[in-house]
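Visitor: query.cif is the file, holding mmCIF, C-alpha atoms and all ligand atoms:
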```cif
data_input
loop_
_atom_site.group_PDB
_atom_site.id
_atom_site.type_symbol
_atom_site.label_atom_id
_atom_site.label_comp_id
_atom_site.auth_asym_id
_atom_site.auth_seq_id
_atom_site.Cartn_x
_atom_site.Cartn_y
_atom_site.Cartn_z
ATOM 1 C CA MET V 6 -36.681 36.342 31.573
ATOM 2 C CA GLY V 7 -37.156 33.672 34.268
ATOM 3 C CA LEU V 8 -40.574 35.087 35.087
ATOM 4 C CA VAL V 9 -41.577 35.115 31.386
ATOM 5 C CA LEU V 10 -40.562 31.449 31.080
ATOM 6 C CA LEU V 11 -42.536 30.546 34.209
ATOM 7 C CA ILE V 12 -45.656 32.280 32.867
ATOM 8 C CA VAL V 13 -45.347 30.708 29.385
ATOM 9 C CA ILE V 14 -44.730 27.168 30.750
ATOM 10 C CA TRP V 15 -47.633 27.415 33.182
ATOM 11 C CA LEU V 16 -49.971 28.899 30.560
ATOM 12 C CA VAL V 17 -49.212 26.097 28.071
ATOM 13 C CA THR V 18 -49.611 23.489 30.837
ATOM 14 C CA PHE V 19 -52.921 24.741 32.211
ATOM 15 C CA ALA V 20 -54.415 25.574 28.788
ATOM 16 C CA SER V 21 -53.671 22.080 27.430
ATOM 17 C CA THR V 22 -54.865 20.419 30.648
ATOM 18 C CA TYR V 23 -58.120 22.391 30.417
ATOM 19 C CA PHE V 24 -59.056 20.738 27.082
ATOM 20 C CA PHE V 25 -58.684 17.284 28.623
ATOM 21 C CA VAL V 26 -60.627 18.188 31.766
ATOM 22 C CA ALA V 27 -63.398 19.905 29.756
ATOM 23 C CA LYS V 28 -63.399 16.952 27.297
ATOM 24 C CA THR V 29 -63.558 19.353 24.333
ATOM 25 C CA TRP V 30 -62.534 16.609 21.889
ATOM 26 C CA TRP V 31 -63.481 13.260 23.263
ATOM 27 C CA LEU V 32 -64.445 9.738 22.304
ATOM 28 C CA PRO V 33 -67.991 9.050 21.098
ATOM 29 C CA VAL V 34 -70.337 7.283 23.542
ATOM 30 C CA GLY V 35 -69.246 3.655 23.963
ATOM 31 C CA ALA V 36 -71.522 1.129 22.226
ATOM 32 C CA SER V 37 -69.857 -2.220 22.938
ATOM 33 C CA ALA V 38 -69.838 -4.523 25.955
ATOM 34 C CA SER V 39 -66.177 -3.751 26.765
ATOM 35 C CA ALA V 40 -66.482 0.009 26.248
ATOM 36 C CA ALA V 41 -67.129 0.772 29.944
ATOM 37 C CA ALA V 42 -64.031 -1.143 31.106
ATOM 38 C CA ILE V 43 -61.870 0.388 28.369
ATOM 39 C CA ASP V 44 -63.113 3.893 29.199
ATOM 40 C CA HIS V 45 -62.446 3.318 32.895
ATOM 41 C CA HIS V 46 -58.865 2.278 32.154
ATOM 42 C CA PHE V 47 -58.476 5.177 29.717
ATOM 43 C CA ALA V 48 -59.645 7.660 32.372
ATOM 44 C CA THR V 49 -57.371 6.135 35.043
ATOM 45 C CA THR V 50 -54.369 6.433 32.711
ATOM 46 C CA TYR V 51 -55.230 10.036 31.852
ATOM 47 C CA ILE V 52 -55.651 11.092 35.483
ATOM 48 C CA LEU V 53 -52.391 9.462 36.622
ATOM 49 C CA MET V 54 -50.428 10.815 33.662
ATOM 50 C CA GLY V 55 -52.139 14.198 34.011
ATOM 51 C CA ILE V 56 -50.945 14.515 37.631
ATOM 52 C CA VAL V 57 -47.370 13.635 36.588
ATOM 53 C CA PHE V 58 -47.526 16.059 33.652
ATOM 54 C CA VAL V 59 -48.881 19.015 35.639
ATOM 55 C CA ALA V 60 -46.473 18.427 38.573
ATOM 56 C CA ALA V 61 -43.440 18.193 36.250
ATOM 57 C CA GLN V 62 -44.384 21.350 34.319
ATOM 58 C CA VAL V 63 -45.198 23.343 37.476
ATOM 59 C CA PHE V 64 -41.729 22.558 38.875
ATOM 60 C CA LEU V 65 -40.088 23.241 35.506
ATOM 61 C CA GLY V 66 -41.621 26.748 35.507
ATOM 62 C CA LEU V 67 -40.703 27.300 39.165
ATOM 63 C CA PHE V 68 -37.064 26.298 38.636
ATOM 64 C CA ALA V 69 -36.781 28.402 35.452
ATOM 65 C CA TRP V 70 -37.780 31.360 37.616
ATOM 66 C CA LYS V 71 -35.860 30.416 40.784
ATOM 67 C CA TYR V 72 -32.552 29.868 38.991
ATOM 68 C CA ARG V 73 -32.877 32.860 36.656
ATOM 69 C CA ASP V 74 -29.908 35.119 35.888
ATOM 70 C CA THR V 75 -29.775 37.527 38.859
ATOM 71 C CA GLY V 76 -26.750 39.419 37.589
ATOM 72 C CA SER V 77 -24.556 38.310 40.501
ATOM 73 C CA SER V 78 -20.911 37.832 39.659
ATOM 74 C CA SER V 79 -20.464 34.554 41.595
ATOM 75 C CA PRO V 80 -19.591 31.632 39.286
ATOM 76 C CA ALA V 81 -22.346 29.135 38.349
ATOM 77 C CA GLN V 82 -22.582 25.946 40.446
ATOM 78 C CA TYR V 83 -22.825 22.649 38.535
ATOM 79 C CA SER V 84 -24.372 19.677 40.215
ATOM 80 C CA HIS V 85 -23.869 16.068 39.214
ATOM 81 C CA GLY V 86 -27.533 15.263 39.936
ATOM 82 C CA ASN V 87 -29.097 13.270 42.719
ATOM 83 C CA ASN V 88 -28.773 9.505 42.441
ATOM 84 C CA ARG V 89 -31.421 8.778 45.038
ATOM 85 C CA LEU V 90 -34.027 10.960 43.294
ATOM 86 C CA GLU V 91 -33.162 9.489 39.896
ATOM 87 C CA PHE V 92 -33.565 5.978 41.308
ATOM 88 C CA ILE V 93 -36.932 6.856 42.879
ATOM 89 C CA TRP V 94 -38.486 8.351 39.755
ATOM 90 C CA THR V 95 -37.160 5.562 37.524
ATOM 91 C CA VAL V 96 -38.712 2.932 39.807
ATOM 92 C CA LEU V 97 -41.974 4.915 40.034
ATOM 93 C CA THR V 98 -42.149 5.213 36.237
ATOM 94 C CA PHE V 99 -41.477 1.482 35.900
ATOM 95 C CA VAL V 100 -44.199 0.603 38.436
ATOM 96 C CA LEU V 101 -46.679 2.938 36.720
ATOM 97 C CA PHE V 102 -45.923 1.602 33.245
ATOM 98 C CA VAL V 103 -45.971 -2.098 34.151
ATOM 99 C CA GLY V 104 -48.909 -1.627 36.555
ATOM 100 C CA LEU V 105 -51.100 0.040 33.927
ATOM 101 C CA ASN V 106 -50.235 -2.725 31.472
ATOM 102 C CA LEU V 107 -51.183 -5.425 33.972
ATOM 103 C CA MET V 108 -54.429 -3.620 34.836
ATOM 104 C CA SER V 109 -55.476 -3.529 31.183
ATOM 105 C CA SER V 110 -54.328 -6.995 30.154
ATOM 106 C CA SER V 111 -57.622 -8.714 31.023
ATOM 107 C CA ILE V 112 -59.581 -6.235 28.850
ATOM 108 C CA TRP V 113 -57.117 -6.726 26.014
ATOM 109 C CA ALA V 114 -57.272 -10.508 26.330
ATOM 110 C CA SER V 115 -61.089 -10.607 26.495
ATOM 111 C CA GLU V 116 -61.418 -9.509 22.865
ATOM 112 C CA ARG V 117 -58.268 -11.067 21.465
ATOM 113 C CA PHE V 118 -56.887 -14.118 23.286
ATOM 114 C CA ARG V 119 -60.157 -15.620 24.490
ATOM 115 C CA PRO V 120 -61.905 -17.135 21.458
ATOM 116 C CA ALA V 121 -65.384 -15.917 20.495
ATOM 117 C CA GLY V 122 -68.351 -17.861 21.869
ATOM 118 C CA PRO V 123 -70.100 -20.534 19.769
ATOM 119 C CA GLY V 124 -73.080 -18.279 19.004
ATOM 120 C CA ALA V 125 -70.973 -15.451 17.582
ATOM 121 C CA LEU V 126 -71.793 -14.003 14.178
ATOM 122 C CA GLN V 127 -68.782 -14.324 11.907
ATOM 123 C CA VAL V 128 -67.997 -11.428 9.602
ATOM 124 C CA GLU V 129 -64.946 -11.406 7.389
ATOM 125 C CA VAL V 130 -63.570 -7.892 6.982
ATOM 126 C CA THR V 131 -61.250 -7.191 4.062
ATOM 127 C CA GLY V 132 -59.373 -3.924 3.786
ATOM 128 C CA MET V 133 -58.010 -2.767 0.455
ATOM 129 C CA GLN V 134 -56.933 0.541 -1.015
ATOM 130 C CA PHE V 135 -59.305 2.252 -0.220
ATOM 131 C CA ALA V 136 -62.412 0.423 0.899
ATOM 132 C CA TRP V 137 -63.729 -2.099 3.414
ATOM 133 C CA TYR V 138 -65.680 -5.201 2.359
ATOM 134 C CA PHE V 139 -67.730 -7.342 4.694
ATOM 135 C CA ARG V 140 -68.536 -10.986 4.010
ATOM 136 C CA TYR V 141 -71.223 -13.084 5.679
ATOM 137 C CA ALA V 142 -71.117 -16.874 5.357
ATOM 138 C CA GLY V 143 -74.860 -17.275 4.651
ATOM 139 C CA PRO V 144 -77.143 -20.138 5.758
ATOM 140 C CA ASP V 145 -74.473 -22.836 5.340
ATOM 141 C CA GLY V 146 -72.290 -21.073 7.921
ATOM 142 C CA LYS V 147 -69.229 -21.595 5.703
ATOM 143 C CA PHE V 148 -67.142 -19.044 3.894
ATOM 144 C CA GLY V 149 -66.530 -20.010 0.268
ATOM 145 C CA ALA V 150 -63.032 -20.112 -1.198
ATOM 146 C CA THR V 151 -61.333 -16.969 -2.430
ATOM 147 C CA LYS V 152 -58.537 -16.965 -4.998
ATOM 148 C CA PRO V 153 -55.845 -14.312 -5.393
ATOM 149 C CA GLU V 154 -56.059 -14.507 -9.223
ATOM 150 C CA LEU V 155 -59.773 -13.664 -9.107
ATOM 151 C CA ILE V 156 -59.285 -10.483 -7.039
ATOM 152 C CA ASP V 157 -60.414 -7.392 -8.940
ATOM 153 C CA PRO V 158 -60.674 -4.401 -6.590
ATOM 154 C CA SER V 159 -62.039 -2.134 -9.347
ATOM 155 C CA ALA V 160 -65.055 -4.442 -9.798
ATOM 156 C CA GLY V 161 -66.093 -4.120 -6.126
ATOM 157 C CA GLY V 162 -68.243 -6.554 -4.136
ATOM 158 C CA GLU V 163 -67.546 -10.296 -4.472
ATOM 159 C CA ALA V 164 -64.972 -9.787 -7.233
ATOM 160 C CA ALA V 165 -63.038 -7.360 -5.053
ATOM 161 C CA ILE V 166 -62.269 -10.092 -2.531
ATOM 162 C CA GLY V 167 -61.788 -12.774 -5.236
ATOM 163 C CA LEU V 168 -64.719 -15.040 -4.304
ATOM 164 C CA ASP V 169 -64.590 -18.269 -6.292
ATOM 165 C CA PRO V 170 -68.065 -18.807 -7.856
ATOM 166 C CA ASN V 171 -67.261 -22.487 -8.511
ATOM 167 C CA ASP V 172 -67.002 -23.326 -4.808
ATOM 168 C CA PRO V 173 -70.421 -24.539 -3.557
ATOM 169 C CA ALA V 174 -69.786 -22.875 -0.180
ATOM 170 C CA SER V 175 -69.478 -19.470 -1.860
ATOM 171 C CA LYS V 176 -72.974 -19.627 -3.407
ATOM 172 C CA ASP V 177 -74.651 -18.111 -0.348
ATOM 173 C CA ASP V 178 -71.830 -15.797 0.747
ATOM 174 C CA VAL V 179 -72.895 -12.173 0.932
ATOM 175 C CA VAL V 180 -70.351 -9.391 0.370
ATOM 176 C CA THR V 181 -71.328 -5.828 1.244
ATOM 177 C CA GLY V 182 -69.801 -2.379 1.564
ATOM 178 C CA THR V 183 -71.763 -1.562 4.734
ATOM 179 C CA MET V 184 -71.461 -3.691 7.846
ATOM 180 C CA TYR V 185 -74.692 -4.822 9.495
ATOM 181 C CA VAL V 186 -74.709 -6.630 12.829
ATOM 182 C CA PRO V 187 -77.481 -7.522 15.289
ATOM 183 C CA VAL V 188 -77.441 -5.844 18.691
ATOM 184 C CA ASN V 189 -76.369 -7.823 21.798
ATOM 185 C CA ARG V 190 -74.836 -10.660 19.825
ATOM 186 C CA GLU V 191 -71.130 -11.312 19.818
ATOM 187 C CA VAL V 192 -69.508 -10.514 16.484
ATOM 188 C CA GLU V 193 -66.379 -12.411 15.505
ATOM 189 C CA LEU V 194 -64.302 -10.555 12.958
ATOM 190 C CA ILE V 195 -61.861 -12.218 10.617
ATOM 191 C CA LEU V 196 -59.628 -9.376 9.486
ATOM 192 C CA ARG V 197 -57.809 -9.554 6.191
ATOM 193 C CA ALA V 198 -56.018 -7.101 3.948
ATOM 194 C CA HIS V 199 -55.523 -7.321 0.226
ATOM 195 C CA ASP V 200 -52.624 -4.983 -0.497
ATOM 196 C CA VAL V 201 -51.017 -3.179 2.443
ATOM 197 C CA ILE V 202 -51.624 -3.014 6.194
ATOM 198 C CA HIS V 203 -54.914 -1.345 7.108
ATOM 199 C CA SER V 204 -56.425 -0.866 10.536
ATOM 200 C CA PHE V 205 -60.092 -1.487 11.275
ATOM 201 C CA PHE V 206 -61.111 1.243 13.704
ATOM 202 C CA VAL V 207 -64.597 1.722 15.135
ATOM 203 C CA PRO V 208 -64.258 4.436 17.800
ATOM 204 C CA ALA V 209 -67.748 3.861 19.253
ATOM 205 C CA MET V 210 -66.907 0.154 19.788
ATOM 206 C CA ARG V 211 -63.490 1.076 21.249
ATOM 207 C CA PHE V 212 -62.192 -1.339 18.660
ATOM 208 C CA LYS V 213 -58.999 -1.015 16.648
ATOM 209 C CA GLN V 214 -57.051 -3.803 15.030
ATOM 210 C CA ASP V 215 -54.625 -4.020 12.131
ATOM 211 C CA ALA V 216 -55.546 -6.025 9.050
ATOM 212 C CA VAL V 217 -52.377 -7.513 7.584
ATOM 213 C CA PRO V 218 -51.923 -9.078 4.116
ATOM 214 C CA GLY V 219 -51.515 -12.851 4.406
ATOM 215 C CA LEU V 220 -53.034 -13.050 7.891
ATOM 216 C CA ALA V 221 -56.555 -13.807 9.112
ATOM 217 C CA ILE V 222 -56.806 -12.038 12.462
ATOM 218 C CA HIS V 223 -59.660 -13.093 14.725
ATOM 219 C CA MET V 224 -61.146 -10.659 17.224
ATOM 220 C CA HIS V 225 -64.563 -10.177 18.682
ATOM 221 C CA PHE V 226 -66.805 -7.581 20.265
ATOM 222 C CA THR V 227 -70.433 -7.309 21.318
ATOM 223 C CA PRO V 228 -72.401 -4.219 20.220
ATOM 224 C CA ILE V 229 -74.891 -3.156 22.882
ATOM 225 C CA SER V 230 -76.723 -0.198 21.339
ATOM 226 C CA ILE V 231 -78.582 0.179 18.074
ATOM 227 C CA GLY V 232 -77.238 2.925 15.825
ATOM 228 C CA ASP V 233 -74.942 3.905 12.966
ATOM 229 C CA TYR V 234 -71.234 4.023 13.753
ATOM 230 C CA GLU V 235 -68.313 5.188 11.690
ATOM 231 C CA ILE V 236 -65.550 2.868 10.594
ATOM 232 C CA ALA V 237 -62.192 4.387 9.752
ATOM 233 C CA CYS V 238 -58.859 3.073 8.584
ATOM 234 C CA ALA V 239 -56.302 3.907 11.281
ATOM 235 C CA GLU V 240 -53.201 2.923 9.328
ATOM 236 C CA LEU V 241 -51.747 5.316 6.773
ATOM 237 C CA CYS V 242 -52.267 3.063 3.737
ATOM 238 C CA GLY V 243 -51.789 5.300 0.709
ATOM 239 C CA LEU V 244 -53.068 8.404 -1.038
ATOM 240 C CA GLY V 245 -56.748 7.592 -0.488
ATOM 241 C CA HIS V 246 -56.314 6.670 3.195
ATOM 242 C CA TYR V 247 -58.363 9.682 4.307
ATOM 243 C CA LYS V 248 -61.465 8.436 2.489
ATOM 244 C CA MET V 249 -61.207 4.798 3.589
ATOM 245 C CA HIS V 250 -64.423 5.103 5.491
ATOM 246 C CA GLY V 251 -67.248 2.688 6.197
ATOM 247 C CA MET V 252 -70.431 2.404 8.238
ATOM 248 C CA LEU V 253 -71.342 -0.099 10.896
ATOM 249 C CA LYS V 254 -75.082 -0.424 11.385
ATOM 250 C CA VAL V 255 -76.150 -2.092 14.600
ATOM 251 C CA VAL V 256 -79.785 -3.154 14.203
ATOM 252 C CA SER V 257 -82.322 -5.366 15.966
ATOM 253 C CA ARG V 258 -82.097 -9.093 15.448
ATOM 254 C CA GLU V 259 -85.234 -9.148 13.249
ATOM 255 C CA GLU V 260 -83.969 -6.302 11.123
ATOM 256 C CA PHE V 261 -80.631 -8.041 10.668
ATOM 257 C CA ASP V 262 -82.245 -11.316 9.593
ATOM 258 C CA LYS V 263 -84.461 -9.420 7.150
ATOM 259 C CA TRP V 264 -81.480 -7.531 5.747
ATOM 260 C CA LEU V 265 -79.381 -10.669 5.295
ATOM 261 C CA ALA V 266 -82.298 -12.525 3.673
ATOM 262 C CA ALA V 267 -82.773 -9.639 1.229
ATOM 263 C CA ARG V 268 -79.084 -9.753 0.287
ATOM 264 C CA GLU V 269 -79.362 -13.531 -0.229
ATOM 265 C CA ALA V 270 -82.419 -13.007 -2.427
ATOM 266 C CA GLU V 271 -80.556 -10.458 -4.533
ATOM 267 C CA LYS V 272 -77.891 -13.061 -5.260
ATOM 268 C CA GLN V 273 -80.313 -15.631 -6.695
HETATM 269 CU CU CU V 301 -56.485 1.670 4.835
#
```
Transcribe the structure of this file into structure tokens.
Guide:
Amino acid sequence: MGLVLLIVIWLVTFASTYFFVAKTWWLPVGASASAAAIDHHFATTYILMGIVFVAAQVFLGLFAWKYRDTGSSSPAQYSHGNNRLEFIWTVLTFVLFVGLNLMSSSIWASERFRPAGPGALQVEVTGMQFAWYFRYAGPDGKFGATKPELIDPSAGGEAAIGLDPNDPASKDDVVTGTMYVPVNREVELILRAHDVIHSFFVPAMRFKQDAVPGLAIHMHFTPISIGDYEIACAELCGLGHYKMHGMLKVVSREEFDKWLAAREAEKQ
């Protein structure tokens, strides 16, 4: 029985480790300025934790086999444990946990605590059951007022976020269902939610942030490669959560200006 346990534990350990080493299911190629640093930290965490995981499971299998029932009639020995070993692995776990947090804090802060630069493109992202809306301030650079009583999610577009047509600043606001941004320009997101908590997740940008009703959460990232990237909702937000999907299109600067101008023209 001890040998069977050893074989099963080792098989499960090495089979699951294989999928991580072979990168069978992995992140898409990083397309934002911080992606390389995030991936580096991600890989470091995986390697360190992988070593701990494999070592612990290898010893678990070994001990299951070593201390198997050998049929001897001598009574079982109970040990109280080893205080020194327990102290060592608690301290090591603490150092690993706090150390990894400290190592990643500058990456975390760069997109969250440091404000976006003055040239950043502001996009307001609103999550609602079960769609994302993206608002651009237009030539005046100002977002028009929105009013809760005007919100009509079934109408979509500007009505879905409750844009007040009587506010002069809202005249040139553009609201879309697909997010367009120019490449190599910082994008400042203002994340809002209409009904419940949603989470704006763009795997290729290594970007994930909750959108919370009543809050305007500012974060920023810089896309560095042109392409189409999937947006998902990463917070279980209701029955239609699985289809709360959007597209982020990173285009050239000229193409972005043309696209925004066309949306402005449609409004007139
Ligand atoms: Cu959602």
Visitor: Could you give me, as a PyMOL selection string, every polymer residue with an atom at most 9 Å away from an atom of ligand CU 301 (chain V), counting only C-alpha atoms and all ligand atoms?
Guide: chain V and resi 132-137+198+201-205+216+237-243+245-250
Visitor: So for range 94-98 of chain V, what box centre and size do we get, axis-aligned, 8 Å extra on each of the six sides, every listed atom, Å to one decimal, as AutoDock Vina command-line options?
Guide:
```
--center_x -39.7 --center_y 5.6 --center_z 38.1 --size_x 21.0 --size_y 21.4 --size_z 19.8
```
Visitor: Rank V:Leu65, V:Leu32, V:Ile93, V:Ile195 by their smallest atom-to-atom distance to Ala209 in chain V, using all atoms listed in the file, and report the top residue only.
Guide: V:Leu32
Visitor: For CA of Phe226 in chain V and CA of Leu253 in chain V, determine how far apart the two atoms are, in Å to one decimal place.
Guide: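 Separating CA of Phe226 in chain V from CA of Leu253 in chain V is a distance of 12.8 Å.
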Visitor: Please work out which residues fall within 7 Å of (-69.0, -15.6, 8.2), coordinates as given in the file, with only C-alpha atoms counting, and return them as a list in words.
Guide: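 Residues found, by chain and rising number: Leu126, Gln127, Val128, Glu129, Arg140, Tyr141, Ala142, Gly146, Lys147 and Phe148 of chain V.
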Visitor: What do you get, as a VMD selection string, if you spell out every residue that the PyMOL selection byres (((chain V and resi 180) around 7) and not hetatm) selects here?
Guide: chain V and resid 138 to 141 162 to 163 178 to 179 181
Visitor: For the atom pair CA of Thr49 in chain V and CA of Val63 in chain V, what is the interatomic distance in Å to one decimal place?
Guide: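 Separation of CA of Thr49 in chain V and CA of Val63 in chain V: 21.2 Å.
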Visitor: Let me know the residues the PyMOL selection byres (((chain V and resi 258-262) around 8) and not hetatm) catches in the file above, as number ranges by chain.
Guide: V: 185-188, 256-257, 263-266
Visitor: Save out the residues we just selected, C-alpha atoms, as a compact mmCIF listing (two decimals), keeping the file's coordinate frame.
Guide:
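Dumped everything to again.txt:
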```txt
# COMPACT_ATOMS: atom_id res chain seq x y z
CA TYR V 185 -74.69 -4.82 9.49
CA VAL V 186 -74.71 -6.63 12.83
CA PRO V 187 -77.48 -7.52 15.29
CA VAL V 188 -77.44 -5.84 18.69
CA VAL V 256 -79.78 -3.15 14.20
CA SER V 257 -82.32 -5.37 15.97
CA LYS V 263 -84.46 -9.42 7.15
CA TRP V 264 -81.48 -7.53 5.75
CA LEU V 265 -79.38 -10.67 5.30
CA ALA V 266 -82.30 -12.52 3.67
```
